[in-house]
Number of protein chains: 2
Amino acid sequence: MRRPDLSLLAASLLLACSAAATDAPTVIPAQAVKIAGQLRDRAMHDDTAYRIVEGLTTEIGPRLAGGPNDQRARDWVMAKMKALGFDKVYTEPVSFPLWERRSESGAIVAPFPQKLVLTALGYSPATPKGGLTAQVVAFPTLDALKAADPASIKGRIVYVGARMTRQKDGRDYAIGSSVRTQGPVIAQSKGAAGFLLRSAGTDPHSRAPHTGVTGFTDPAKAIPAAALAGPDADQLERVLAHGRPVQVKLDLDCGITGQYTGANVIGEITGRRYPEQIVDIGGHLDSWDPGTGAIDDGAGVAIAMAAARLIHELPQRPDRTIRVIAFANEEMGLFGGRAYADRHGAEVARHQLGTESDFGADRIWRMSASVKPEARGAIGQIARVLAPIGVAYDAKAPGGGGSDLSQMHAKGMAALSLTQDGTYYFDWHHTSEDTLDKIDPQDLAQNVAVYAAYAYMAAQANGDFGSAPGAFPGEHRE
Amino acid sequence: MRRPDLSLLAASLLLACSAAATDAPTVIPAQAVKIAGQLRDRAMHDDTAYRIVEGLTTEIGPRLAGGPNDQRARDWVMAKMKALGFDKVYTEPVSFPLWERRSESGAIVAPFPQKLVLTALGYSPATPKGGLTAQVVAFPTLDALKAADPASIKGRIVYVGARMTRQKDGRDYAIGSSVRTQGPVIAQSKGAAGFLLRSAGTDPHSRAPHTGVTGFTDPAKAIPAAALAGPDADQLERVLAHGRPVQVKLDLDCGITGQYTGANVIGEITGRRYPEQIVDIGGHLDSWDPGTGAIDDGAGVAIAMAAARLIHELPQRPDRTIRVIAFANEEMGLFGGRAYADRHGAEVARHQLGTESDFGADRIWRMSASVKPEARGAIGQIARVLAPIGVAYDAKAPGGGGSDLSQMHAKGMAALSLTQDGTYYFDWHHTSEDTLDKIDPQDLAQNVAVYAAYAYMAAQANGDFGSAPGAFPGEHRE
């Protein structure tokens, strides 16, 4: 048995202790708490975020990653950040496979011929010219598909009919997104010709189907995959209930056409005392293409930009830098977040505290944090400023940092979760219904109030929140 | 001057007096009232109507007049009427121009290029190959369009942005339908190249645009016309508000391709004592194509069929014939109703009392009648049977007979209006959202209860309700 290297052991202990009780408590100075309260109150009457998301969705519209609006959207956001007076505005490249949607349709061919409203899923390949027609084999859940004999699936179109219901915390998305990501891969592995799911959404009455990414990683093994609108899933199930073989035709013209290099767009309010230390906020700039990307995630970008602008309007720059990141291509695999973490992960200890807004535009009702124990008091200080606008502090749950910033959190960045009310989010998410009218300006302003107050307090804290390489193992959630 | 023929004069006076106060009051026998109450109560727990509309929308689906499902739908309804045991099932031909929808798309071309979700309107011609691109000129209302200088319109795409709001009686449809029918004609007369309206609907958040018929009567003078979904109308208005010229492209492939002969499908429960005297109930079998025609008007056909079936299940046939009419092509100009009135108008005095269900599947909350004064007491008897299931009797308003049967009413048929709650009807009407899931089986059953009870009482009445040629001048409403 080899004797352990004591210096390495000491280093490990030191790392382990960076989140332990030996540090001095992190405290937010009283003056900063007071100013945060003022920022909060000002934000509640500020329409900057609404004007940003209105402009982005009206002047640019849908922003499919790598699509015709990708560059236009980046230019728009950079120009807006400059117009708002940000101290630094720049981009960092992000590369990803370019997936295009050209056309899509579907139909029941037999026994009762009729159209089905569906949408192709991200990374779905095209069907053969003239479409793919095959018999449908249906499963109520992903587990049923997992358990199925491949002989029952080979050459068929697999349909999975799992349902989601509305929840404030959106927890049913775990059902829908796992069917959408894993279902096509499992179906393909069992020899299926194609894959359909009941849309991963919560409005059973909407004919707007929900797109979203699949888990295909090898294009050579991908099969055509699409989501049916809720009423079309109902219809398919009713037709199947007649007990006769049901033939469905998928006609999808879509697929990966190459590699694309876009960029994360970054704007900063430079810190006065510790410019190299960063409070990270943001959203993702790409959107699915059927809607205009208002709630997913024009709102997130707008919330972060408007929060930074309010801090910028203060007589003095904050102590630390406020960094707003408009991430590239979150939708097809967190590419912007991964690129950011790859580039900045080594300097994670300089990232004070971060979180991204990517759950719509309804009010934030819950906060949780992944921070070192000595920073719990400071998180409590933040919580007390946010309580008057309806944010409850859950001291036991971890903070995930949001979608893209989950990747920096995985590297060790201290992170919050600022949970929006997601009751209706999955009614519209990833559909043509994701448009500006789904945003209530007052609710959006409450989000800005939360982000402005938290970001300012984090920037002014005496002490850190525990960011360090690998500081939060096992707490990482996407 | 020729001396008048006294016998003719006497006959005229007799006809005129058929609706006057000299007749004996029409009375519904106590036994018939009792059975009507039983029919009502039975209907409230009967799912026949729901199973009919489920079958029609699932096995046939959309039923655009003259389209591929026109004949299939007629065959389906005839088979169902026979299966339900109707005494006579037959058709009467209905001819109309055949309008087809092949494809449709639209976009803002400048200054902010993006797709618009729209749907072509009935009788719209196709745009030229490659689409029609023109500058948009916008009007808030139909009156503003009427008042506009043709010089401001010539060569442009006219957009009218009038809005509807939800109303229990659906009265705002007068706004939307007048913009949709008259707007394109007025725009064309002033030299417009195309026409757009904000969808004639009440859900401002839905991306499902509302199709419907235009008022074009001369195909040579028709211009491309389409409806924008609510959020797309908002988007166009926001882009217009920037003050720069807005170019829109319409790409519609649709138009009149010939003449089609379909049919009204008729099923009867033959009267025992007066088989030649008819109580008319029905709905229309055609539907717009984006949805499956569940609320408009599979429900109406199903309500009437289920009501007749309940009467058919009684130990004895009713005194008069119950006639269920599934009308052809209501949507593009009441063709089925006009054909029926042309064919049966001369015998209008034999049509006891009629009304059609064509306002969705929500509960009936109001009844009114156009009948002779001596039949008011009998209408009151009907009202008392319907009151326990939520139907209020408005003794002052006329009864219109519904959409197609308005044409028989115009010929002199006594008619009811049985008004459904239309609060949400125009959220879904004429859109892809008109699907089975919008129907509550309990609400549908309440409609059947109303139709079964009224039709039975009308069939058993001692006396008539005043039907006679020209009996109700000026009360005719469509």
# chains A, B, ... in the order shown; residues from 1 in each chain; ligands from 1

$ calpha_fit_rmsd --fixed "chain B" --moving "chain A"
0.9 Å

$ interface_residues --of "chain B" --to "chain A" --cutoff "6 Å" --atoms "only C-alpha atoms" --output "list in words"
Glu59, Phe112, Arg207 and Glu433 of chain B

$ residues_around --residues "Asp203 (chain B)" --least-positions-apart "4" --cutoff "9 Å" --atoms "only C-alpha atoms" --output "list in words"
Met164, Thr165, Arg166, Gly230, Tyr424, Phe426, Asp427 and Trp428 of chain B

$ select_by_dssp --residues "region 182-380 of chain B" --states "strand (DSSP E or B)" --output "mmCIF file with N, CA and C atoms, in the first residue's frame"
data_model
loop_
_atom_site.group_PDB
_atom_site.id
_atom_site.type_symbol
_atom_site.label_atom_id
_atom_site.label_comp_id
_atom_site.auth_asym_id
_atom_site.auth_seq_id
_atom_site.Cartn_x
_atom_site.Cartn_y
_atom_site.Cartn_z
ATOM 1 N N GLY B 194 -54.527 43.375 -51.782
ATOM 2 C CA GLY B 194 -54.807 42.255 -50.883
ATOM 3 C C GLY B 194 -55.450 42.767 -49.620
ATOM 4 N N PHE B 195 -55.899 41.822 -48.788
ATOM 5 C CA PHE B 195 -56.632 42.191 -47.575
ATOM 6 C C PHE B 195 -56.213 41.300 -46.423
ATOM 7 N N LEU B 196 -56.020 41.925 -45.285
ATOM 8 C CA LEU B 196 -55.751 41.205 -44.035
ATOM 9 C C LEU B 196 -56.642 41.764 -42.944
ATOM 10 N N LEU B 197 -57.082 40.895 -42.052
ATOM 11 C CA LEU B 197 -57.742 41.385 -40.854
ATOM 12 C C LEU B 197 -57.134 40.701 -39.638
ATOM 13 N N ARG B 198 -57.308 41.366 -38.484
ATOM 14 C CA ARG B 198 -57.098 40.681 -37.214
ATOM 15 C C ARG B 198 -58.186 39.629 -37.127
ATOM 16 N N VAL B 213 -65.722 32.999 -44.247
ATOM 17 C CA VAL B 213 -66.038 33.381 -45.620
ATOM 18 C C VAL B 213 -65.915 34.888 -45.819
ATOM 19 N N ALA B 225 -57.168 37.378 -49.686
ATOM 20 C CA ALA B 225 -57.638 37.851 -48.377
ATOM 21 C C ALA B 225 -57.341 36.791 -47.329
ATOM 22 N N ALA B 226 -56.837 37.250 -46.185
ATOM 23 C CA ALA B 226 -56.439 36.309 -45.133
ATOM 24 C C ALA B 226 -56.615 36.947 -43.763
ATOM 25 N N ALA B 227 -56.648 36.098 -42.750
ATOM 26 C CA ALA B 227 -56.769 36.552 -41.359
ATOM 27 C C ALA B 227 -55.475 36.262 -40.613
ATOM 28 N N LEU B 228 -55.005 37.249 -39.865
ATOM 29 C CA LEU B 228 -53.827 37.079 -39.015
ATOM 30 C C LEU B 228 -54.254 36.584 -37.646
ATOM 31 N N GLN B 247 -43.631 46.287 -45.594
ATOM 32 C CA GLN B 247 -43.938 45.435 -46.737
ATOM 33 C C GLN B 247 -44.322 44.052 -46.217
ATOM 34 N N VAL B 248 -45.446 43.558 -46.700
ATOM 35 C CA VAL B 248 -45.889 42.210 -46.327
ATOM 36 C C VAL B 248 -46.027 41.370 -47.585
ATOM 37 N N LYS B 249 -45.672 40.117 -47.426
ATOM 38 C CA LYS B 249 -45.836 39.167 -48.530
ATOM 39 C C LYS B 249 -46.918 38.151 -48.171
ATOM 40 N N LEU B 250 -47.850 37.972 -49.081
ATOM 41 C CA LEU B 250 -48.872 36.920 -48.934
ATOM 42 C C LEU B 250 -48.598 35.857 -49.983
ATOM 43 N N ASP B 251 -48.633 34.616 -49.561
ATOM 44 C CA ASP B 251 -48.448 33.523 -50.510
ATOM 45 C C ASP B 251 -49.581 32.522 -50.274
ATOM 46 N N LEU B 252 -50.656 32.723 -50.994
ATOM 47 C CA LEU B 252 -51.865 31.906 -50.811
ATOM 48 C C LEU B 252 -52.087 31.075 -52.064
ATOM 49 N N ASP B 253 -52.230 29.783 -51.878
ATOM 50 C CA ASP B 253 -52.614 28.924 -52.995
ATOM 51 C C ASP B 253 -53.985 28.351 -52.659
ATOM 52 N N CYS B 254 -54.987 28.953 -53.227
ATOM 53 C CA CYS B 254 -56.373 28.596 -52.910
ATOM 54 C C CYS B 254 -57.261 29.207 -53.978
ATOM 55 N N GLY B 255 -58.503 28.822 -54.005
ATOM 56 C CA GLY B 255 -59.407 29.453 -54.960
ATOM 57 C C GLY B 255 -60.535 28.537 -55.382
ATOM 58 N N ILE B 256 -61.394 29.091 -56.208
ATOM 59 C CA ILE B 256 -62.556 28.350 -56.710
ATOM 60 C C ILE B 256 -62.110 27.516 -57.906
ATOM 61 N N THR B 257 -62.426 26.231 -57.857
ATOM 62 C CA THR B 257 -61.963 25.346 -58.929
ATOM 63 C C THR B 257 -63.115 24.756 -59.733
ATOM 64 N N GLY B 258 -64.333 25.124 -59.405
ATOM 65 C CA GLY B 258 -65.465 24.575 -60.156
ATOM 66 C C GLY B 258 -66.725 24.594 -59.327
ATOM 67 N N GLN B 259 -67.649 23.762 -59.683
ATOM 68 C CA GLN B 259 -68.926 23.648 -58.985
ATOM 69 C C GLN B 259 -68.986 22.261 -58.360
ATOM 70 N N TYR B 260 -69.610 22.171 -57.207
ATOM 71 C CA TYR B 260 -69.697 20.881 -56.519
ATOM 72 C C TYR B 260 -71.144 20.649 -56.125
ATOM 73 N N THR B 261 -71.567 19.417 -56.218
ATOM 74 C CA THR B 261 -72.892 19.078 -55.718
ATOM 75 C C THR B 261 -72.766 18.104 -54.555
ATOM 76 N N GLY B 262 -73.061 18.608 -53.386
ATOM 77 C CA GLY B 262 -73.110 17.767 -52.195
ATOM 78 C C GLY B 262 -74.563 17.528 -51.836
ATOM 79 N N ALA B 263 -74.855 17.442 -50.547
ATOM 80 C CA ALA B 263 -76.247 17.167 -50.168
ATOM 81 C C ALA B 263 -76.491 17.495 -48.701
ATOM 82 N N ASN B 264 -77.717 17.907 -48.412
ATOM 83 C CA ASN B 264 -78.195 17.873 -47.038
ATOM 84 C C ASN B 264 -78.544 16.422 -46.716
ATOM 85 N N VAL B 265 -78.127 15.982 -45.538
ATOM 86 C CA VAL B 265 -78.479 14.630 -45.092
ATOM 87 C C VAL B 265 -79.635 14.754 -44.106
ATOM 88 N N ILE B 266 -80.693 14.005 -44.357
ATOM 89 C CA ILE B 266 -81.919 14.155 -43.580
ATOM 90 C C ILE B 266 -82.336 12.811 -42.986
ATOM 91 N N GLY B 267 -82.657 12.849 -41.724
ATOM 92 C CA GLY B 267 -83.160 11.653 -41.058
ATOM 93 C C GLY B 267 -84.443 11.991 -40.312
ATOM 94 N N GLU B 268 -85.388 11.085 -40.336
ATOM 95 C CA GLU B 268 -86.692 11.397 -39.737
ATOM 96 C C GLU B 268 -87.180 10.314 -38.770
ATOM 97 N N ILE B 269 -87.859 10.779 -37.751
ATOM 98 C CA ILE B 269 -88.709 9.936 -36.923
ATOM 99 C C ILE B 269 -90.131 10.262 -37.391
ATOM 100 N N TYR B 274 -99.675 12.904 -37.793
ATOM 101 C CA TYR B 274 -99.518 13.901 -38.866
ATOM 102 C C TYR B 274 -98.114 13.772 -39.455
ATOM 103 N N PRO B 275 -97.878 12.683 -40.180
ATOM 104 C CA PRO B 275 -96.503 12.462 -40.663
ATOM 105 C C PRO B 275 -96.010 13.571 -41.584
ATOM 106 N N GLU B 276 -96.940 14.290 -42.229
ATOM 107 C CA GLU B 276 -96.541 15.324 -43.181
ATOM 108 C C GLU B 276 -96.177 16.638 -42.483
ATOM 109 N N GLN B 277 -96.456 16.705 -41.178
ATOM 110 C CA GLN B 277 -96.105 17.912 -40.433
ATOM 111 C C GLN B 277 -94.770 17.686 -39.731
ATOM 112 N N ILE B 278 -93.912 18.715 -39.804
ATOM 113 C CA ILE B 278 -92.489 18.530 -39.509
ATOM 114 C C ILE B 278 -92.033 19.445 -38.373
ATOM 115 N N VAL B 279 -91.323 18.886 -37.418
ATOM 116 C CA VAL B 279 -90.526 19.692 -36.484
ATOM 117 C C VAL B 279 -89.084 19.609 -36.972
ATOM 118 N N ASP B 280 -88.501 20.754 -37.294
ATOM 119 C CA ASP B 280 -87.162 20.796 -37.887
ATOM 120 C C ASP B 280 -86.102 21.050 -36.822
ATOM 121 N N ILE B 281 -85.135 20.164 -36.750
ATOM 122 C CA ILE B 281 -83.945 20.425 -35.930
ATOM 123 C C ILE B 281 -82.722 20.036 -36.754
ATOM 124 N N GLY B 282 -81.554 20.500 -36.353
ATOM 125 C CA GLY B 282 -80.374 20.134 -37.136
ATOM 126 C C GLY B 282 -79.139 20.918 -36.767
ATOM 127 N N GLY B 283 -78.153 20.727 -37.584
ATOM 128 C CA GLY B 283 -76.880 21.433 -37.494
ATOM 129 C C GLY B 283 -76.265 21.374 -38.875
ATOM 130 N N HIS B 284 -75.046 21.885 -39.027
ATOM 131 C CA HIS B 284 -74.445 21.737 -40.360
ATOM 132 C C HIS B 284 -73.267 20.783 -40.313
ATOM 133 N N ARG B 320 -96.208 14.286 -34.706
ATOM 134 C CA ARG B 320 -95.659 14.865 -35.942
ATOM 135 C C ARG B 320 -94.266 14.295 -36.181
ATOM 136 N N THR B 321 -93.782 14.491 -37.393
ATOM 137 C CA THR B 321 -92.452 13.995 -37.774
ATOM 138 C C THR B 321 -91.351 14.878 -37.183
ATOM 139 N N ILE B 322 -90.340 14.250 -36.611
ATOM 140 C CA ILE B 322 -89.134 14.964 -36.185
ATOM 141 C C ILE B 322 -88.116 14.815 -37.308
ATOM 142 N N ARG B 323 -87.706 15.900 -37.870
ATOM 143 C CA ARG B 323 -86.757 15.849 -38.991
ATOM 144 C C ARG B 323 -85.418 16.445 -38.558
ATOM 145 N N VAL B 324 -84.393 15.645 -38.675
ATOM 146 C CA VAL B 324 -83.027 16.109 -38.388
ATOM 147 C C VAL B 324 -82.336 16.399 -39.711
ATOM 148 N N ILE B 325 -81.842 17.614 -39.854
ATOM 149 C CA ILE B 325 -81.146 17.973 -41.097
ATOM 150 C C ILE B 325 -79.686 18.283 -40.777
ATOM 151 N N ALA B 326 -78.792 17.548 -41.431
ATOM 152 C CA ALA B 326 -77.358 17.844 -41.362
ATOM 153 C C ALA B 326 -77.035 18.609 -42.637
ATOM 154 N N PHE B 327 -76.971 19.922 -42.507
ATOM 155 C CA PHE B 327 -76.893 20.788 -43.680
ATOM 156 C C PHE B 327 -75.522 20.749 -44.351
ATOM 157 N N HIS B 351 -94.410 23.050 -41.621
ATOM 158 C CA HIS B 351 -93.259 22.994 -40.710
ATOM 159 C C HIS B 351 -93.646 23.646 -39.390
ATOM 160 N N GLN B 352 -93.892 22.834 -38.432
ATOM 161 C CA GLN B 352 -94.479 23.204 -37.156
ATOM 162 C C GLN B 352 -93.652 24.258 -36.415
ATOM 163 N N LEU B 353 -92.384 23.958 -36.197
ATOM 164 C CA LEU B 353 -91.505 24.833 -35.415
ATOM 165 C C LEU B 353 -90.101 24.302 -35.639
ATOM 166 N N GLY B 354 -89.152 25.211 -35.841
ATOM 167 C CA GLY B 354 -87.807 24.719 -36.133
ATOM 168 C C GLY B 354 -86.718 25.559 -35.502
ATOM 169 N N THR B 355 -85.594 24.911 -35.269
ATOM 170 C CA THR B 355 -84.387 25.666 -34.916
ATOM 171 C C THR B 355 -83.178 24.760 -35.051
ATOM 172 N N GLU B 356 -82.060 25.379 -35.382
ATOM 173 C CA GLU B 356 -80.805 24.676 -35.646
ATOM 174 C C GLU B 356 -79.788 25.037 -34.573
ATOM 175 N N ILE B 364 -77.237 25.793 -23.192
ATOM 176 C CA ILE B 364 -78.280 26.723 -23.632
ATOM 177 C C ILE B 364 -78.788 27.468 -22.409
ATOM 178 N N TRP B 365 -78.788 28.779 -22.504
ATOM 179 C CA TRP B 365 -79.196 29.584 -21.341
ATOM 180 C C TRP B 365 -80.393 30.482 -21.645
ATOM 181 N N ARG B 366 -80.785 30.577 -22.915
ATOM 182 C CA ARG B 366 -81.863 31.505 -23.246
ATOM 183 C C ARG B 366 -82.681 30.940 -24.400
ATOM 184 N N MET B 367 -83.991 31.140 -24.311
ATOM 185 C CA MET B 367 -84.878 30.749 -25.398
ATOM 186 C C MET B 367 -85.720 31.949 -25.801
ATOM 187 N N SER B 368 -85.916 32.097 -27.095
ATOM 188 C CA SER B 368 -86.886 33.086 -27.575
ATOM 189 C C SER B 368 -87.576 32.474 -28.787
ATOM 190 N N ALA B 369 -88.684 33.081 -29.197
ATOM 191 C CA ALA B 369 -89.495 32.442 -30.235
ATOM 192 C C ALA B 369 -90.129 33.470 -31.153
ATOM 193 N N SER B 370 -90.217 33.099 -32.422
ATOM 194 C CA SER B 370 -91.063 33.823 -33.376
ATOM 195 C C SER B 370 -92.227 32.903 -33.703
#

$ closest_residue --among "B:Gln381, B:Ser467, B:Gln420, B:Thr48" --to "Ala349 (chain B)" --atoms "only C-alpha atoms"
B:Ser467

$ atom_distance --atom1 "CA of Leu405 (chain B)" --atom2 "CA of Arg338 (chain B)"
8.4 Å

$ select_by_dssp --residues "region 327-434 of chain B" --states "alpha helix (DSSP H)" --output "MDAnalysis selection string"
chainID B and resid 335:344 376:386 406:411 425:428

$ residues_around --residues "Ala307 (chain B)" --least-positions-apart "4" --cutoff "6 Å" --atoms "only C-alpha atoms" --output "list in words"
Val448, Tyr451 and Ala452 of chain B

$ write_last_selection --atoms "all heavy atoms" --output "PDB file, in the first residue's frame"
ATOM      1  N   VAL B 448     -78.919  18.474 -25.658  1.00  0.00           N
ATOM      2  CA  VAL B 448     -79.795  17.401 -26.145  1.00  0.00           C
ATOM      3  C   VAL B 448     -81.106  17.414 -25.365  1.00  0.00           C
ATOM      4  O   VAL B 448     -82.192  17.245 -25.935  1.00  0.00           O
ATOM      5  CB  VAL B 448     -79.096  16.031 -26.012  1.00  0.00           C
ATOM      6  CG1 VAL B 448     -80.038  14.910 -26.441  1.00  0.00           C
ATOM      7  CG2 VAL B 448     -77.814  16.003 -26.844  1.00  0.00           C
ATOM      8  N   TYR B 451     -83.260  20.155 -26.804  1.00  0.00           N
ATOM      9  CA  TYR B 451     -83.798  19.844 -28.135  1.00  0.00           C
ATOM     10  C   TYR B 451     -84.828  18.716 -28.078  1.00  0.00           C
ATOM     11  O   TYR B 451     -85.844  18.755 -28.769  1.00  0.00           O
ATOM     12  CB  TYR B 451     -82.656  19.520 -29.115  1.00  0.00           C
ATOM     13  CG  TYR B 451     -82.120  20.778 -29.754  1.00  0.00           C
ATOM     14  CD1 TYR B 451     -81.268  21.621 -29.045  1.00  0.00           C
ATOM     15  CD2 TYR B 451     -82.504  21.174 -31.036  1.00  0.00           C
ATOM     16  CE1 TYR B 451     -80.798  22.807 -29.605  1.00  0.00           C
ATOM     17  CE2 TYR B 451     -82.046  22.356 -31.596  1.00  0.00           C
ATOM     18  CZ  TYR B 451     -81.191  23.159 -30.886  1.00  0.00           C
ATOM     19  OH  TYR B 451     -80.755  24.340 -31.434  1.00  0.00           O
ATOM     20  N   ALA B 452     -84.552  17.710 -27.270  1.00  0.00           N
ATOM     21  CA  ALA B 452     -85.490  16.581 -27.187  1.00  0.00           C
ATOM     22  C   ALA B 452     -86.829  17.048 -26.613  1.00  0.00           C
ATOM     23  O   ALA B 452     -87.901  16.729 -27.145  1.00  0.00           O
ATOM     24  CB  ALA B 452     -84.893  15.460 -26.340  1.00  0.00           C
TER      25      ALA B 452
END

$ atom_distance --atom1 "CA of Ile311 (chain A)" --atom2 "CA of Gly377 (chain A)"
22.8 Å

$ residues_around --residues "Thr133 (chain A)" --least-positions-apart "2" --cutoff "10 Å" --atoms "only C-alpha atoms" --output "number ranges by chain"
A: 106-109, 127-128, 130-131, 135-136, 155-157, 193-194, 247-251

$ write_last_selection --atoms "N, CA, C and O atoms" --output "compact mmCIF listing (two decimals), in the first residue's frame"
# COMPACT_ATOMS: atom_id res chain seq x y z
N GLY A 106 -47.61 15.88 -41.05
CA GLY A 106 -47.88 14.51 -40.67
C GLY A 106 -49.35 14.20 -40.87
O GLY A 106 -50.18 15.11 -40.97
N ALA A 107 -49.66 12.93 -40.95
CA ALA A 107 -51.04 12.53 -41.18
C ALA A 107 -51.27 11.10 -40.73
O ALA A 107 -50.34 10.29 -40.73
N ILE A 108 -52.50 10.83 -40.32
CA ILE A 108 -52.96 9.45 -40.20
C ILE A 108 -53.36 9.03 -41.61
O ILE A 108 -54.15 9.71 -42.26
N VAL A 109 -52.77 7.94 -42.08
CA VAL A 109 -53.04 7.47 -43.44
C VAL A 109 -54.19 6.45 -43.43
O VAL A 109 -55.03 6.43 -44.32
N THR A 127 -37.22 12.87 -43.11
CA THR A 127 -37.76 11.60 -43.59
C THR A 127 -37.32 11.43 -45.05
O THR A 127 -36.92 12.40 -45.70
N PRO A 128 -37.40 10.21 -45.59
CA PRO A 128 -37.08 10.04 -47.01
C PRO A 128 -38.01 10.91 -47.86
O PRO A 128 -39.11 11.24 -47.43
N GLY A 130 -40.83 12.06 -50.01
CA GLY A 130 -42.15 11.43 -50.09
C GLY A 130 -42.68 10.99 -48.74
O GLY A 130 -43.81 10.56 -48.63
N GLY A 131 -41.83 11.12 -47.71
CA GLY A 131 -42.32 10.84 -46.36
C GLY A 131 -42.05 9.41 -45.91
O GLY A 131 -41.67 8.54 -46.70
N GLN A 135 -46.58 1.73 -39.42
CA GLN A 135 -47.59 1.47 -38.40
C GLN A 135 -47.11 2.03 -37.07
O GLN A 135 -45.92 2.02 -36.76
N VAL A 136 -48.06 2.51 -36.29
CA VAL A 136 -47.74 3.10 -34.99
C VAL A 136 -47.81 2.05 -33.89
O VAL A 136 -48.72 1.22 -33.87
N GLY A 155 -39.18 -1.24 -37.24
CA GLY A 155 -39.81 -0.75 -38.46
C GLY A 155 -41.04 0.11 -38.23
O GLY A 155 -41.65 0.60 -39.18
N ARG A 156 -41.39 0.31 -36.96
CA ARG A 156 -42.62 1.07 -36.67
C ARG A 156 -42.31 2.49 -36.22
O ARG A 156 -41.16 2.83 -35.92
N ILE A 157 -43.37 3.28 -36.15
CA ILE A 157 -43.26 4.61 -35.54
C ILE A 157 -43.71 4.46 -34.09
O ILE A 157 -44.85 4.10 -33.82
N ALA A 193 -38.63 3.08 -36.81
CA ALA A 193 -38.42 3.88 -38.02
C ALA A 193 -38.60 5.36 -37.73
O ALA A 193 -38.05 6.21 -38.44
N GLY A 194 -39.38 5.67 -36.70
CA GLY A 194 -39.64 7.06 -36.37
C GLY A 194 -40.16 7.15 -34.95
O GLY A 194 -40.45 6.13 -34.31
N GLN A 247 -51.74 3.50 -39.53
CA GLN A 247 -50.59 3.92 -40.33
C GLN A 247 -50.46 5.44 -40.23
O GLN A 247 -51.44 6.16 -40.46
N VAL A 248 -49.28 5.89 -39.91
CA VAL A 248 -49.02 7.33 -39.86
C VAL A 248 -47.91 7.68 -40.84
O VAL A 248 -46.97 6.89 -41.03
N LYS A 249 -48.05 8.84 -41.45
CA LYS A 249 -47.01 9.34 -42.35
C LYS A 249 -46.36 10.57 -41.73
O LYS A 249 -47.05 11.49 -41.30
N LEU A 250 -45.05 10.56 -41.70
CA LEU A 250 -44.28 11.73 -41.27
C LEU A 250 -43.56 12.28 -42.49
O LEU A 250 -42.94 11.52 -43.24
N ASP A 251 -43.65 13.59 -42.66
CA ASP A 251 -42.93 14.21 -43.76
C ASP A 251 -42.15 15.39 -43.19
O ASP A 251 -42.68 16.49 -43.04

$ residues_around --residues "Gly300 (chain A)" --least-positions-apart "2" --cutoff "9 Å" --atoms "only C-alpha atoms" --output "MDAnalysis selection string"
chainID A and resid 53 282:285 294:298 302:305 326 356:361
